[in-house]
file final.cif (mmCIF, C-alpha atoms and all ligand atoms)
data_data
#
loop_
_atom_site.label_atom_id
_atom_site.label_comp_id
_atom_site.auth_asym_id
_atom_site.auth_seq_id
_atom_site.Cartn_x
_atom_site.Cartn_y
_atom_site.Cartn_z
CA MET E 1 90.89 -45.94 31.53
CA ASN E 2 88.24 -47.36 29.26
CA ILE E 3 86.27 -45.13 26.91
CA MET E 4 83.05 -46.33 28.52
CA ASN E 5 83.76 -46.12 32.23
CA SER E 6 81.93 -45.16 35.36
CA TYR E 7 84.01 -42.09 36.20
CA SER E 8 82.52 -38.63 36.07
CA LEU E 9 83.27 -36.15 33.30
CA THR E 10 85.46 -34.20 35.73
CA THR E 11 87.76 -37.19 36.32
CA ASN E 12 87.76 -38.23 32.67
CA LEU E 13 88.84 -34.77 31.55
CA VAL E 14 91.95 -35.25 33.67
CA HIS E 15 92.77 -38.92 33.07
CA ALA E 16 90.96 -40.47 30.08
CA GLY E 17 93.03 -41.59 27.11
CA GLU E 18 96.30 -41.65 29.01
CA GLU E 19 96.42 -45.22 30.29
CA ASN E 20 99.59 -46.15 28.40
CA ILE E 21 102.24 -44.65 30.66
CA CYS E 22 105.45 -44.26 28.65
CA GLU E 23 108.83 -44.41 30.42
CA GLY E 24 107.07 -43.50 33.65
CA ALA E 25 105.98 -40.10 32.28
CA VAL E 26 102.84 -38.76 33.99
CA CYS E 27 101.84 -36.90 30.81
CA THR E 28 101.73 -38.35 27.31
CA PRO E 29 104.96 -37.05 25.72
CA ILE E 30 105.04 -35.76 22.14
CA PHE E 31 105.77 -38.64 19.79
CA GLN E 32 107.43 -36.72 16.99
CA SER E 33 107.86 -39.63 14.60
CA SER E 34 106.09 -39.69 11.26
CA THR E 35 106.33 -43.43 10.74
CA TYR E 36 106.67 -46.52 12.97
CA LEU E 37 108.22 -49.98 12.77
CA THR E 38 106.04 -52.49 10.96
CA GLN E 39 104.10 -54.75 13.34
CA GLU E 40 103.11 -58.33 12.64
CA ASN E 41 99.39 -57.68 13.03
CA GLU E 42 99.20 -55.11 10.22
CA LYS E 43 96.75 -56.45 7.68
CA GLU E 44 95.56 -53.47 5.68
CA TYR E 45 96.69 -50.03 4.62
CA HIS E 46 95.11 -48.24 7.59
CA ASP E 47 96.97 -50.45 10.09
CA GLY E 48 100.42 -49.08 9.26
CA ARG E 49 101.39 -46.43 11.80
CA TYR E 50 101.88 -43.05 10.17
CA ILE E 51 100.76 -39.55 11.19
CA ARG E 52 98.53 -39.15 8.12
CA LEU E 53 96.75 -42.40 9.03
CA ASN E 54 95.61 -40.79 12.28
CA ASN E 55 96.91 -43.62 14.44
CA THR E 56 100.08 -42.45 16.20
CA PRO E 57 100.25 -42.29 20.03
CA ASN E 58 99.30 -38.62 20.60
CA GLN E 59 96.45 -38.86 18.10
CA ILE E 60 95.07 -42.05 19.63
CA SER E 61 95.37 -40.83 23.17
CA LEU E 62 93.64 -37.51 22.41
CA ALA E 63 90.89 -39.13 20.31
CA LYS E 64 90.13 -41.48 23.23
CA LYS E 65 89.81 -38.59 25.66
CA LEU E 66 87.51 -36.65 23.32
CA ALA E 67 85.30 -39.68 22.64
CA CYS E 68 85.10 -40.35 26.35
CA ILE E 69 84.02 -36.85 27.37
CA GLU E 70 81.40 -36.59 24.61
CA LYS E 71 80.16 -40.11 25.51
CA GLY E 72 80.78 -41.36 21.98
CA GLU E 73 82.32 -44.63 20.80
CA LEU E 74 85.07 -43.21 18.60
CA ALA E 75 86.61 -39.87 17.62
CA CYS E 76 88.54 -38.62 14.60
CA LEU E 77 90.82 -35.59 14.82
CA PHE E 78 91.24 -32.89 12.18
CA PRO E 79 93.59 -29.95 11.61
CA SER E 80 90.62 -27.54 11.90
CA GLY E 81 86.93 -27.44 12.72
CA MET E 82 86.11 -26.78 9.06
CA SER E 83 88.06 -29.84 7.98
CA ALA E 84 86.05 -31.91 10.51
CA ILE E 85 82.83 -30.56 8.99
CA SER E 86 83.83 -30.94 5.35
CA MET E 87 85.35 -34.43 5.76
CA THR E 88 82.33 -35.67 7.70
CA MET E 89 79.94 -34.43 5.03
CA LEU E 90 82.09 -35.71 2.15
CA THR E 91 82.16 -39.15 3.75
CA LEU E 92 78.42 -39.39 4.34
CA LEU E 93 77.16 -37.73 1.13
CA LYS E 94 77.48 -38.27 -2.59
CA GLU E 95 76.18 -36.60 -5.73
CA LYS E 96 72.40 -36.00 -5.67
CA ASP E 97 72.15 -36.37 -1.88
CA THR E 98 70.75 -33.51 0.14
CA ILE E 99 71.51 -32.08 3.55
CA VAL E 100 68.70 -30.76 5.73
CA ALA E 101 70.14 -27.90 7.79
CA GLN E 102 69.23 -25.10 10.11
CA LYS E 103 69.16 -21.68 8.42
CA CYS E 104 71.43 -19.85 10.81
CA LEU E 105 74.83 -21.58 10.85
CA TYR E 106 78.48 -20.71 11.36
CA GLY E 107 79.48 -18.49 8.41
CA ALA E 108 82.02 -20.84 6.81
CA THR E 109 79.71 -23.86 7.21
CA LEU E 110 76.92 -21.93 5.53
CA LYS E 111 79.25 -20.98 2.71
CA LEU E 112 80.34 -24.61 2.27
CA MET E 113 76.73 -25.76 2.00
CA LYS E 114 75.55 -22.92 -0.24
CA TYR E 115 78.47 -22.50 -2.62
CA GLU E 116 80.96 -25.38 -2.42
CA PHE E 117 78.97 -28.62 -2.01
CA PRO E 118 76.58 -27.76 -4.87
CA LYS E 119 79.60 -27.97 -7.21
CA LEU E 120 79.75 -31.67 -6.23
CA GLY E 121 76.01 -32.16 -6.72
CA ILE E 122 75.30 -32.06 -2.96
CA HIS E 123 72.54 -29.59 -2.11
CA THR E 124 71.15 -28.27 1.14
CA LYS E 125 67.56 -27.59 2.15
CA PHE E 126 67.43 -25.00 4.91
CA ILE E 127 64.68 -25.33 7.50
CA ASP E 128 63.08 -22.85 9.86
CA ILE E 129 64.03 -24.32 13.16
CA ASP E 130 61.16 -22.60 14.99
CA MET E 131 58.52 -24.10 12.69
CA PRO E 132 58.53 -27.88 13.17
CA ASN E 133 55.36 -28.24 11.11
CA THR E 134 57.33 -27.12 8.01
CA TRP E 135 60.34 -29.43 8.51
CA GLY E 136 58.68 -32.28 6.63
CA ASP E 137 58.46 -30.17 3.45
CA SER E 138 62.23 -30.29 3.08
CA VAL E 139 62.59 -34.06 3.20
CA ASN E 140 62.47 -36.33 0.18
CA SER E 141 64.27 -39.54 -0.73
CA SER E 142 67.53 -37.69 -1.47
CA ALA E 143 67.79 -36.31 2.09
CA LYS E 144 70.52 -38.14 4.01
CA VAL E 145 71.80 -35.93 6.76
CA LEU E 146 70.36 -33.47 9.26
CA TYR E 147 72.82 -30.79 10.36
CA ILE E 148 72.37 -28.30 13.21
CA GLU E 149 74.36 -26.34 15.77
CA ALA E 150 73.90 -26.54 19.55
CA ILE E 151 73.93 -22.74 19.83
CA THR E 152 74.01 -20.72 16.63
CA ASN E 153 76.31 -17.88 15.75
CA PRO E 154 75.67 -15.01 16.40
CA LEU E 155 71.98 -15.10 17.37
CA LEU E 156 72.50 -17.89 19.90
CA GLU E 157 69.41 -19.86 18.91
CA VAL E 158 68.75 -23.13 20.73
CA VAL E 159 66.77 -25.84 18.98
CA ASP E 160 64.29 -28.26 20.53
CA PHE E 161 66.86 -31.06 20.22
CA GLN E 162 64.55 -33.91 21.21
CA LYS E 163 62.06 -32.91 18.56
CA ILE E 164 64.69 -32.62 15.84
CA VAL E 165 66.25 -36.00 16.68
CA TYR E 166 62.83 -37.61 16.60
CA PHE E 167 62.08 -35.97 13.25
CA ALA E 168 65.41 -37.13 11.78
CA LYS E 169 65.00 -40.73 13.02
CA GLU E 170 61.50 -40.86 11.55
CA ASN E 171 62.92 -39.81 8.20
CA GLY E 172 66.05 -41.98 8.29
CA LEU E 173 68.47 -39.04 8.46
CA ILE E 174 71.89 -39.19 10.09
CA THR E 175 71.97 -36.49 12.78
CA ILE E 176 75.02 -34.24 13.07
CA ILE E 177 75.42 -31.43 15.57
CA ASP E 178 78.18 -28.84 15.85
CA ASN E 179 78.59 -28.60 19.63
CA THR E 180 81.40 -26.02 19.58
CA PHE E 181 79.49 -23.25 21.37
CA ALA E 182 77.94 -25.45 24.08
CA THR E 183 80.94 -27.73 24.82
CA PRO E 184 80.59 -31.18 26.47
CA ILE E 185 80.46 -29.36 29.81
CA ASN E 186 77.11 -27.74 29.07
CA PHE E 187 75.59 -30.27 26.67
CA ASN E 188 76.05 -33.90 25.60
CA PRO E 189 74.14 -34.38 22.32
CA ILE E 190 74.92 -38.11 22.05
CA GLU E 191 72.84 -38.78 25.17
CA LEU E 192 69.88 -37.27 23.31
CA GLY E 193 70.38 -39.57 20.33
CA PHE E 194 72.58 -37.56 17.95
CA ASP E 195 74.75 -39.77 15.73
CA LEU E 196 77.73 -37.46 15.34
CA VAL E 197 79.07 -34.49 17.29
CA ILE E 198 81.52 -32.04 15.74
CA HIS E 199 83.76 -29.56 17.55
CA SER E 200 85.99 -26.81 16.41
CA CYS E 201 88.64 -27.51 19.05
CA SER E 202 90.15 -24.12 18.20
CA LYS E 203 87.56 -22.62 20.55
CA TYR E 204 86.56 -23.78 24.06
CA MET E 205 88.16 -27.23 23.83
CA SER E 206 91.69 -25.80 23.50
CA GLY E 207 90.65 -22.52 25.14
CA HIS E 208 93.96 -20.68 24.96
CA MET E 209 93.67 -19.16 21.48
CA ASP E 210 96.90 -20.79 20.37
CA ILE E 211 95.91 -23.72 18.11
CA VAL E 212 93.46 -24.70 15.38
CA ALA E 213 91.95 -28.21 15.46
CA GLY E 214 88.71 -30.11 15.05
CA CYS E 215 87.08 -33.44 15.79
CA VAL E 216 84.07 -35.60 15.07
CA ILE E 217 82.79 -38.01 17.72
CA GLY E 218 80.06 -40.64 17.60
CA LYS E 219 78.97 -44.08 16.41
CA LYS E 220 81.91 -46.35 15.70
CA GLU E 221 80.74 -47.48 12.28
CA LEU E 222 80.25 -43.89 11.08
CA VAL E 223 83.49 -42.50 12.55
CA GLU E 224 85.49 -45.45 11.13
CA LYS E 225 84.24 -44.53 7.66
CA ILE E 226 85.19 -40.89 8.23
CA ILE E 227 88.69 -41.90 9.41
CA GLN E 228 89.32 -44.04 6.33
CA LYS E 229 88.18 -41.32 3.94
CA THR E 230 90.24 -38.75 5.86
CA ASN E 231 93.32 -40.97 5.63
CA TYR E 232 93.07 -40.82 1.83
CA MET E 233 92.04 -37.16 1.64
CA GLY E 234 95.13 -36.42 3.70
CA SER E 235 94.14 -34.32 6.68
CA CYS E 236 95.63 -35.14 10.08
CA LEU E 237 96.40 -33.37 13.35
CA ASP E 238 100.09 -32.99 14.11
CA PRO E 239 101.37 -34.64 17.35
CA ASN E 240 102.54 -31.28 18.66
CA VAL E 241 99.08 -29.81 18.31
CA CYS E 242 97.56 -32.98 19.80
CA PHE E 243 99.78 -32.43 22.82
CA LEU E 244 98.65 -28.82 23.22
CA LEU E 245 94.98 -29.77 22.96
CA MET E 246 95.49 -32.65 25.39
CA ARG E 247 97.12 -30.20 27.78
CA SER E 248 94.03 -27.96 27.67
CA MET E 249 91.45 -30.65 28.32
CA PRO E 250 91.82 -31.08 32.11
CA THR E 251 90.88 -27.41 32.63
CA LEU E 252 87.93 -27.42 30.21
CA GLU E 253 85.35 -27.71 32.98
CA LEU E 254 86.97 -25.01 35.14
CA ARG E 255 87.20 -22.63 32.20
CA VAL E 256 83.70 -23.22 30.83
CA LYS E 257 82.00 -23.00 34.22
CA MET E 258 83.75 -19.69 34.83
CA GLN E 259 82.73 -18.49 31.37
CA ASN E 260 79.10 -19.53 32.04
CA ILE E 261 79.09 -17.47 35.24
CA ASN E 262 80.87 -14.45 33.72
CA ALA E 263 78.68 -14.36 30.60
CA LEU E 264 75.45 -14.54 32.60
CA ARG E 265 76.60 -11.74 34.90
CA LEU E 266 77.69 -9.56 31.96
CA ALA E 267 74.43 -10.26 30.07
CA GLN E 268 72.37 -9.28 33.12
CA PHE E 269 74.42 -6.14 33.60
CA LEU E 270 74.03 -5.10 29.95
CA GLU E 271 70.31 -5.90 29.90
CA ASN E 272 69.76 -3.52 32.80
CA HIS E 273 71.94 -0.75 31.35
CA SER E 274 70.14 2.31 30.00
CA SER E 275 72.50 2.63 26.99
CA VAL E 276 71.84 -0.90 25.73
CA LYS E 277 69.03 -1.61 23.26
CA ARG E 278 68.93 -5.39 23.45
CA VAL E 279 70.97 -8.32 24.71
CA ILE E 280 70.94 -11.79 23.19
CA TYR E 281 71.97 -14.53 25.64
CA PRO E 282 70.23 -17.91 26.05
CA GLY E 283 70.51 -17.62 29.83
CA LEU E 284 68.28 -14.54 29.90
CA VAL E 285 64.53 -15.04 30.28
CA SER E 286 64.13 -12.53 27.43
CA HIS E 287 65.84 -14.87 24.92
CA PRO E 288 63.25 -16.53 22.63
CA ASN E 289 64.79 -19.99 23.23
CA HIS E 290 65.44 -19.60 26.95
CA GLN E 291 63.12 -22.46 27.95
CA GLN E 292 64.86 -24.87 25.59
CA ALA E 293 68.28 -23.75 26.77
CA LYS E 294 67.17 -24.31 30.37
CA GLN E 295 65.80 -27.75 29.55
CA TYR E 296 68.85 -29.06 27.67
CA PHE E 297 71.92 -27.21 28.98
CA SER E 298 73.65 -27.32 32.32
CA GLY E 299 75.13 -23.87 31.59
CA TYR E 300 74.32 -21.19 29.04
CA GLY E 301 77.79 -20.73 27.60
CA GLY E 302 80.20 -17.85 27.24
CA MET E 303 78.81 -16.11 24.13
CA LEU E 304 76.53 -13.10 24.09
CA CYS E 305 75.49 -10.37 21.66
CA PHE E 306 74.14 -6.91 22.23
CA GLU E 307 73.25 -3.65 20.54
CA LEU E 308 73.75 -0.11 21.82
CA LYS E 309 70.78 2.20 22.07
CA SER E 310 72.40 4.88 20.00
CA THR E 311 73.18 2.98 16.84
CA THR E 312 75.18 5.44 14.81
CA LYS E 313 78.23 3.80 13.33
CA THR E 314 80.58 6.10 15.21
CA SER E 315 79.24 5.30 18.65
CA VAL E 316 79.65 1.54 18.10
CA GLN E 317 83.20 2.08 16.88
CA GLU E 318 83.95 4.50 19.69
CA PHE E 319 82.53 2.14 22.27
CA LEU E 320 84.74 -0.69 21.04
CA THR E 321 87.89 1.40 21.17
CA LEU E 322 87.05 2.53 24.71
CA LEU E 323 87.02 -1.01 26.07
CA ARG E 324 90.33 -1.82 27.71
CA ILE E 325 90.15 -5.50 28.68
CA PRO E 326 88.45 -7.22 25.69
CA LEU E 327 90.52 -7.67 22.55
CA LEU E 328 88.95 -6.81 19.20
CA ALA E 329 89.44 -10.07 17.33
CA PRO E 330 87.40 -12.79 15.67
CA SER E 331 87.17 -16.34 17.05
CA LEU E 332 85.87 -17.28 20.48
CA GLY E 333 85.94 -19.63 23.41
CA GLY E 334 89.29 -18.61 24.86
CA ILE E 335 90.40 -17.45 28.28
CA LYS E 336 90.56 -13.81 27.10
CA THR E 337 87.40 -11.83 26.36
CA LEU E 338 87.12 -11.17 22.63
CA ILE E 339 84.80 -8.81 20.79
CA THR E 340 83.69 -8.80 17.16
CA ARG E 341 81.00 -7.35 14.96
CA PRO E 342 79.58 -10.43 13.20
CA ALA E 343 78.26 -8.33 10.30
CA LEU E 344 81.85 -7.36 9.52
CA THR E 345 83.59 -10.66 10.33
CA SER E 346 81.96 -14.12 10.44
CA HIS E 347 79.04 -13.16 8.20
CA VAL E 348 80.81 -10.60 6.03
CA MET E 349 80.70 -12.84 2.95
CA LEU E 350 77.00 -13.52 3.34
CA PRO E 351 75.24 -10.20 2.68
CA LEU E 352 71.82 -11.67 1.98
CA GLU E 353 71.85 -14.00 4.96
CA LYS E 354 72.84 -11.17 7.25
CA GLU E 355 69.69 -9.27 6.46
CA LYS E 356 67.41 -12.28 6.56
CA LEU E 357 68.87 -13.50 9.82
CA ASP E 358 68.65 -10.11 11.51
CA ILE E 359 72.39 -9.72 11.96
CA THR E 360 72.71 -5.94 12.09
CA LEU E 361 75.76 -3.81 11.52
CA GLU E 362 75.45 -2.56 15.08
CA MET E 363 75.49 -6.00 16.66
CA ILE E 364 78.42 -6.62 18.99
CA ARG E 365 79.40 -10.18 19.88
CA VAL E 366 81.29 -10.95 23.05
CA SER E 367 83.15 -14.17 23.78
CA VAL E 368 83.48 -13.87 27.53
CA GLY E 369 86.77 -15.01 29.03
CA ILE E 370 87.86 -15.96 32.53
CA GLU E 371 88.93 -12.51 33.72
CA SER E 372 87.39 -11.08 36.90
CA ILE E 373 83.77 -10.31 36.08
CA ASP E 374 83.90 -7.21 38.30
CA ASP E 375 86.75 -5.81 36.18
CA LEU E 376 84.89 -6.65 32.98
CA ILE E 377 81.65 -5.03 34.12
CA LYS E 378 83.52 -1.89 35.23
CA ASP E 379 85.22 -1.74 31.84
CA PHE E 380 81.94 -2.12 29.93
CA ASP E 381 80.25 0.42 32.19
CA ASN E 382 82.98 3.03 31.55
CA ALA E 383 82.93 2.54 27.78
CA LEU E 384 79.11 2.65 27.69
CA SER E 385 78.79 5.87 29.63
CA THR E 386 81.41 7.60 27.51
CA ALA E 387 80.30 6.37 24.07
CA VAL E 388 76.53 6.45 24.61
CA PRO E 389 75.89 9.38 26.95
C1 LIG F 1 85.07 -21.77 14.60
C2 LIG F 1 83.93 -22.63 14.29
C3 LIG F 1 83.98 -23.57 13.25
C4 LIG F 1 85.20 -23.72 12.38
O1 LIG F 1 86.31 -24.12 13.10
P1 LIG F 1 87.84 -23.81 12.68
O2 LIG F 1 88.61 -24.55 13.71
O3 LIG F 1 88.03 -22.34 12.68
O4 LIG F 1 88.00 -24.39 11.31
C5 LIG F 1 82.87 -24.35 13.04
N1 LIG F 1 81.76 -24.23 13.77
C6 LIG F 1 81.66 -23.34 14.77
C7 LIG F 1 80.40 -23.24 15.55
C8 LIG F 1 82.73 -22.51 15.07
O5 LIG F 1 82.62 -21.61 16.05
#

call {"tool": "encode", "arguments": {"input": "final.cif", "output": "structure tokens"}}
result
Amino acid sequence: MNIMNSYSLTTNLVHAGEENICEGAVCTPIFQSSTYLTQENEKEYHDGRYIRLNNTPNQISLAKKLACIEKGELACLFPSGMSAISMTMLTLLKEKDTIVAQKCLYGATLKLMKYEFPKLGIHTKFIDIDMPNTWGDSVNSSAKVLYIEAITNPLLEVVDFQKIVYFAKENGLITIIDNTFATPINFNPIELGFDLVIHSCSKYMSGHMDIVAGCVIGKKELVEKIIQKTNYMGSCLDPNVCFLLMRSMPTLELRVKMQNINALRLAQFLENHSSVKRVIYPGLVSHPNHQQAKQYFSGYGGMLCFELKSTTKTSVQEFLTLLRIPLLAPSLGGIKTLITRPALTSHVMLPLEKEKLDITLEMIRVSVGIESIDDLIKDFDNALSTAVP
């Protein structure tokens, strides 16, 4: 199947990237070979087949599928989401360039921009995403890249994407969006004009909480540059992990649609519960960005946050230990419901940001899985009535 074809996303999730049937196998087998016989048409370094050069059969097949479902021209795979983010930025930016970015970002991304890139002379101007009239203040001739997230962590903010793309184009900025939380099922940023889409495939894309991987998808000329730089910097996704991610892709839509439904039901339940102070979920009318989420997304995702009415430390802790189905663990996007306290995990190394961004110690983040929503609601109800009487 071609990358640009007329099939629906549903069909492409199942079939795309697997046109080269090998030995009659109906799945792409694992090609566990680091190097390959020299071919006549190899002209330059990047043509030689080698796992680090990101061009062996499992890597190519998976990259094609990912590009196809995000409606991009080309994809590059990485051994983690953070390596996708750092390699993309290191390819596009050099000393004295600046990044224009949204204030509330994934903790490690924020740390990279605030503390690591400045050591290389690459600085970041953070913009208030809700105040478009101030965006222009952050742009001068050194600004090269605009970086945002489809849904932020943990406040689940949703940007006016059309406005931000228009702003970036006007100012000649390359637009990059981390689409991990929304997934290609709920949102296709490339259709709106974004240049590059990044995923931590460790989350919804793989969905089974058993691998770490990342990818960047988008314009061919940009992704080719990223691949070449990556080939020298040395990061690559192992064929075994490619196989596992490939194996997860056909069920992406089934999983995410279930997670959309479960998260909305759980958010509605919590919002109506007398022991809950507030619920943050883009699918709720009470969310400040609900209109934008409704306009741009075909589903509101599987992530929600909430706070208990009684906010003593002990009741939060007690509540968490009373839950029987969700597992207390960081990360997200998997088939099992996971719970964390962002103030103690993803944003633990960012004390100042926590306060500024309104990430309280009491905040509980739920990554809703594909369990029965009736069981989940019963479980939450029990824990709530015991911990917050
Ligand atoms: C997890 C995550 C990352 C980092 O991905 P890893 O695979 O853990 O390196 C980046 N962005 C977002 C939004 C994430 O949730």

call {"tool": "closest_residue", "arguments": {"input": "final.cif", "among": "E:Ser385, E:Thr230, E:Thr91, E:Gln162", "to": "Leu270 in chain E", "atoms": "all atoms listed in the file"}}
result
E:Ser385

call {"tool": "atom_distance", "arguments": {"input": "final.cif", "atom1": "CA of Ile148 in chain E", "atom2": "CA of Glu95 in chain E"}}
result
21.0 Å

call {"tool": "closest_atom_pairs", "arguments": {"input": "final.cif", "of": "chain E", "to": "ligand LIG 1 (chain F)", "cutoff": "8 Å", "atoms": "only C-alpha atoms and all ligand atoms", "output": "JSON lines"}}
result
{"residue": "E:Pro79", "atom": "CA", "partner": "F:LIG1", "partner_atom": "O2", "distance": 7.6}
{"residue": "E:Ser80", "atom": "CA", "partner": "F:LIG1", "partner_atom": "O2", "distance": 4.0}
{"residue": "E:Gly81", "atom": "CA", "partner": "F:LIG1", "partner_atom": "O1", "distance": 3.4}
{"residue": "E:Met82", "atom": "CA", "partner": "F:LIG1", "partner_atom": "O4", "distance": 3.8}
{"residue": "E:Ser83", "atom": "CA", "partner": "F:LIG1", "partner_atom": "O4", "distance": 6.4}
{"residue": "E:Ala84", "atom": "CA", "partner": "F:LIG1", "partner_atom": "O4", "distance": 7.8}
{"residue": "E:Ile85", "atom": "CA", "partner": "F:LIG1", "partner_atom": "C5", "distance": 7.4}
{"residue": "E:Leu105", "atom": "CA", "partner": "F:LIG1", "partner_atom": "C7", "distance": 7.5}
{"residue": "E:Tyr106", "atom": "CA", "partner": "F:LIG1", "partner_atom": "C7", "distance": 5.3}
{"residue": "E:Ala108", "atom": "CA", "partner": "F:LIG1", "partner_atom": "C4", "distance": 7.0}
{"residue": "E:Thr109", "atom": "CA", "partner": "F:LIG1", "partner_atom": "C5", "distance": 6.6}
{"residue": "E:Glu149", "atom": "CA", "partner": "F:LIG1", "partner_atom": "C7", "distance": 6.8}
{"residue": "E:Ile151", "atom": "CA", "partner": "F:LIG1", "partner_atom": "C7", "distance": 7.8}
{"residue": "E:Thr152", "atom": "CA", "partner": "F:LIG1", "partner_atom": "C7", "distance": 7.0}
{"residue": "E:Asn153", "atom": "CA", "partner": "F:LIG1", "partner_atom": "C7", "distance": 6.7}
{"residue": "E:Asp178", "atom": "CA", "partner": "F:LIG1", "partner_atom": "C7", "distance": 6.0}
{"residue": "E:Asn179", "atom": "CA", "partner": "F:LIG1", "partner_atom": "C7", "distance": 7.0}
{"residue": "E:Thr180", "atom": "CA", "partner": "F:LIG1", "partner_atom": "C7", "distance": 5.0}
{"residue": "E:Phe181", "atom": "CA", "partner": "F:LIG1", "partner_atom": "C7", "distance": 5.9}
{"residue": "E:His199", "atom": "CA", "partner": "F:LIG1", "partner_atom": "N1", "distance": 6.8}
{"residue": "E:Ser200", "atom": "CA", "partner": "F:LIG1", "partner_atom": "O1", "distance": 4.3}
{"residue": "E:Cys201", "atom": "CA", "partner": "F:LIG1", "partner_atom": "O2", "distance": 6.1}
{"residue": "E:Ser202", "atom": "CA", "partner": "F:LIG1", "partner_atom": "O2", "distance": 4.8}
{"residue": "E:Lys203", "atom": "CA", "partner": "F:LIG1", "partner_atom": "C1", "distance": 6.5}
{"residue": "E:Val212", "atom": "CA", "partner": "F:LIG1", "partner_atom": "O2", "distance": 5.1}
{"residue": "E:Ala213", "atom": "CA", "partner": "F:LIG1", "partner_atom": "O2", "distance": 5.3}
{"residue": "E:Gly214", "atom": "CA", "partner": "F:LIG1", "partner_atom": "O2", "distance": 5.7}
{"residue": "E:Ser331", "atom": "CA", "partner": "F:LIG1", "partner_atom": "C1", "distance": 6.3}
{"residue": "E:Leu332", "atom": "CA", "partner": "F:LIG1", "partner_atom": "O5", "distance": 7.0}

call {"tool": "atom_distance", "arguments": {"input": "final.cif", "atom1": "CA of Leu384 in chain E", "atom2": "CA of Ala263 in chain E"}}
result
17.3 Å

call {"tool": "residues_around", "arguments": {"input": "final.cif", "residues": "range 122-127 of chain E", "least_positions_apart": "2", "cutoff": "6 Å", "atoms": "all atoms listed in the file", "output": "list in words"}}
result
Glu95, Lys96, Asp97, Thr98, Ile99, Val100, Ala101, Gln102, Lys103, Phe117, Pro118, Leu120 and Ile129 of chain E

call {"tool": "atom_distance", "arguments": {"input": "final.cif", "atom1": "CA of Asn54 in chain E", "atom2": "CA of Tyr36 in chain E"}}
result
12.5 Å

call {"tool": "residues_around", "arguments": {"input": "final.cif", "residues": "Val158 in chain E", "least_positions_apart": "4", "cutoff": "10 Å", "atoms": "all atoms listed in the file", "output": "tab-separated table (two decimals) with C-alpha atoms, keeping the file's coordinate frame"}}
result
chain	number	residue	atom	x	y	z
E	129	ILE	CA	64.03	-24.32	13.16
E	130	ASP	CA	61.16	-22.60	14.99
E	148	ILE	CA	72.37	-28.30	13.21
E	149	GLU	CA	74.36	-26.34	15.77
E	150	ALA	CA	73.90	-26.54	19.55
E	151	ILE	CA	73.93	-22.74	19.83
E	152	THR	CA	74.01	-20.72	16.63
E	282	PRO	CA	70.23	-17.91	26.05
E	287	HIS	CA	65.84	-14.87	24.92
E	288	PRO	CA	63.25	-16.53	22.63
E	289	ASN	CA	64.79	-19.99	23.23
E	290	HIS	CA	65.44	-19.60	26.95
E	291	GLN	CA	63.12	-22.46	27.95
E	292	GLN	CA	64.86	-24.87	25.59
E	293	ALA	CA	68.28	-23.75	26.77
E	294	LYS	CA	67.17	-24.31	30.37
E	296	TYR	CA	68.85	-29.06	27.67
E	297	PHE	CA	71.92	-27.21	28.98
